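Report on the following structure.
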Amino acid sequence: MSHSVLIERFCADDQRGVVEVILPIQNHEFGIAITEAQQPDLHDIPQFYQCGTGDFWVARYEGKVVGTLGLKDIGNAQTALRKMFVSAPFRGREYGVAALLLNTLLHHAQTKNVKDIFLGTTDKFLAAHRFYEKNGFKEVRVPDLPSAFPLMAVDSKFYRLTF
C-alpha cells in the first residue's frame, strides 16, 4: 500500500496542505491551543527549514498532503527535527507514512554530514515517543540540548539521534 504514498520536498504549492495537516492534529487531537499565526515557521518554510543542512518534506497520497516533516539547521552539524505530523487515517504500518518521512530525513541528514538530530515533543504524544525510540532516538534532558535548539513552550520531552 505504501507505494501510493510519495515523499517530496516542500514547494510553495504545499503551503495550505501543510497547515491543514498540522493544525487539526495540534488543536483537536491533542488539545494544544496553538494557532497558525503562533507558528511563523509555517509561513516561511523555505527560509526557516530549506537552508543549510535543513529541509522540509511532505507525504502525499493521491496528490493530497497527508504528512509533514521539517529539519532545521541549528549549526555545528546539528539539526532539529520539527513538524512531524501524519493525518490520522495514514498512521500506522498500512501506509508507513511516518517511516517514509523519517527515512527520507535520515538519508538527507547523512548526505549533509549532520552529526546530531534533536527533537522536542509533548508528554501527550505517546505513540511518537515509541516511534522515535524504535528508530534509535535516545531521551535527553533540557540541559543536554545545544543552546541553538529551538525550545517550544509545549515541549516537555526531548530526544537525540547521533550518527
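Within each chain, counting starts at residue 1; across the C-alpha cells, chains are named A, B, ... in the order shown, with ligands numbered 1 upward in that order.
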Members of segment 68-120 of chain A assigned helix (DSSP H, G or I) by DSSP, as number ranges by chain: A: 88-90, 97-111
Using only C-alpha atoms, find each residue of segment 51-153 of chain A with at least one atom at most 10 Å away from an atom of segment 27-31 of chain A; report its shortest atom-to-atom pair and that distance in Å (one decimal), sort the rows by chain and rising residue number, and return the result as a tab-separated table.
residue	atom	partner	partner_atom	distance
A:Ala88	CA	A:Glu29	CA	9.2
A:Thr122	CA	A:Phe30	CA	9.6
A:Lys124	CA	A:Phe30	CA	7.1
A:Phe125	CA	A:Phe30	CA	8.1
As a ChimeraX atom specification, please: every residue in chain A that DSSP puts in strand (DSSP E or B). /A:5-9,55-61,64-75,78-86,116-121,138-140,157-162
C-alpha atoms of the current selection, written as a PDB file, in the first residue's frame:
ATOM      1  CA  VAL A   5       2.427   7.484  -0.749  1.00  0.00           C
ATOM      2  CA  LEU A   6       5.013   9.848  -2.209  1.00  0.00           C
ATOM      3  CA  ILE A   7       7.541  11.802  -0.167  1.00  0.00           C
ATOM      4  CA  GLU A   8       8.505  15.057  -1.841  1.00  0.00           C
ATOM      5  CA  ARG A   9      10.440  18.164  -0.961  1.00  0.00           C
ATOM      6  CA  ASP A  55      14.883  20.807   4.532  1.00  0.00           C
ATOM      7  CA  PHE A  56      11.148  20.123   4.673  1.00  0.00           C
ATOM      8  CA  TRP A  57       9.173  17.251   3.171  1.00  0.00           C
ATOM      9  CA  VAL A  58       5.550  16.375   2.595  1.00  0.00           C
ATOM     10  CA  ALA A  59       3.940  12.977   2.236  1.00  0.00           C
ATOM     11  CA  ARG A  60       1.303  12.880  -0.494  1.00  0.00           C
ATOM     12  CA  TYR A  61      -1.455  10.404  -1.079  1.00  0.00           C
ATOM     13  CA  LYS A  64      -3.102  15.474  -1.114  1.00  0.00           C
ATOM     14  CA  VAL A  65      -0.652  16.335   1.694  1.00  0.00           C
ATOM     15  CA  VAL A  66      -1.094  13.728   4.471  1.00  0.00           C
ATOM     16  CA  GLY A  67       2.184  14.151   6.351  1.00  0.00           C
ATOM     17  CA  THR A  68       4.876  16.733   7.092  1.00  0.00           C
ATOM     18  CA  LEU A  69       8.432  16.747   8.408  1.00  0.00           C
ATOM     19  CA  GLY A  70      10.974  19.523   8.836  1.00  0.00           C
ATOM     20  CA  LEU A  71      14.679  19.517   9.609  1.00  0.00           C
ATOM     21  CA  LYS A  72      16.142  22.793  10.883  1.00  0.00           C
ATOM     22  CA  ASP A  73      19.862  23.513  10.694  1.00  0.00           C
ATOM     23  CA  ILE A  74      20.946  24.801  14.123  1.00  0.00           C
ATOM     24  CA  GLY A  75      24.698  24.949  13.404  1.00  0.00           C
ATOM     25  CA  GLN A  78      23.380  19.702  14.457  1.00  0.00           C
ATOM     26  CA  THR A  79      19.737  19.855  13.470  1.00  0.00           C
ATOM     27  CA  ALA A  80      16.275  19.946  14.993  1.00  0.00           C
ATOM     28  CA  LEU A  81      13.541  17.628  13.758  1.00  0.00           C
ATOM     29  CA  ARG A  82      10.301  19.624  13.703  1.00  0.00           C
ATOM     30  CA  LYS A  83       6.722  19.443  12.481  1.00  0.00           C
ATOM     31  CA  MET A  84       6.430  15.684  12.107  1.00  0.00           C
ATOM     32  CA  PHE A  85       2.724  15.177  11.637  1.00  0.00           C
ATOM     33  CA  VAL A  86       0.732  12.476   9.883  1.00  0.00           C
ATOM     34  CA  ASP A 116      23.044  15.065  15.670  1.00  0.00           C
ATOM     35  CA  ILE A 117      19.296  15.356  15.270  1.00  0.00           C
ATOM     36  CA  PHE A 118      17.420  16.725  18.288  1.00  0.00           C
ATOM     37  CA  LEU A 119      13.683  16.914  18.750  1.00  0.00           C
ATOM     38  CA  GLY A 120      11.172  18.038  21.312  1.00  0.00           C
ATOM     39  CA  THR A 121       7.713  16.604  21.809  1.00  0.00           C
ATOM     40  CA  LYS A 138      17.522   8.488  22.965  1.00  0.00           C
ATOM     41  CA  GLU A 139      15.837  10.690  25.531  1.00  0.00           C
ATOM     42  CA  VAL A 140      17.867  13.694  26.709  1.00  0.00           C
ATOM     43  CA  LYS A 157      10.279  15.506  26.320  1.00  0.00           C
ATOM     44  CA  PHE A 158      13.423  15.644  24.213  1.00  0.00           C
ATOM     45  CA  TYR A 159      15.337  13.173  22.065  1.00  0.00           C
ATOM     46  CA  ARG A 160      18.662  12.967  20.272  1.00  0.00           C
ATOM     47  CA  LEU A 161      19.909  10.781  17.458  1.00  0.00           C
ATOM     48  CA  THR A 162      23.662  10.782  16.867  1.00  0.00           C
TER      49      THR A 162
END
Go through A:Ile32, A:Ala127, A:Leu42, A:Ala37 one by one, measure the shortest atom-to-atom distance of each to Gly17 of chain A using only C-alpha atoms, and give the residue with the smallest value. A:Leu42
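Coordinates place atom CA of Lys115 of chain A at a distance of 5.2 Å from atom CA of Phe163 of chain A.
With only C-alpha atoms as the atoms that count, the minimum distance from Lys134 of chain A to the choices A:Ala99, A:Asp13, A:Met152, A:Val21 is reached by A:Ala99.
Distances here use only C-alpha atoms; by that measure, the residue among A:Ala33, A:Ala98, A:Val19, A:Val142 closest to Ala128 of chain A is A:Ala98.
Nearest-residue note for Leu23 of chain A: choosing from A:Thr111, A:Thr53, A:Ser87, A:Thr104, the minimum distance belongs to A:Ser87, counting only C-alpha atoms.
Across the structure, atom CA of His107 of chain A and atom CA of Gly54 of chain A are spaced 12.0 Å apart.
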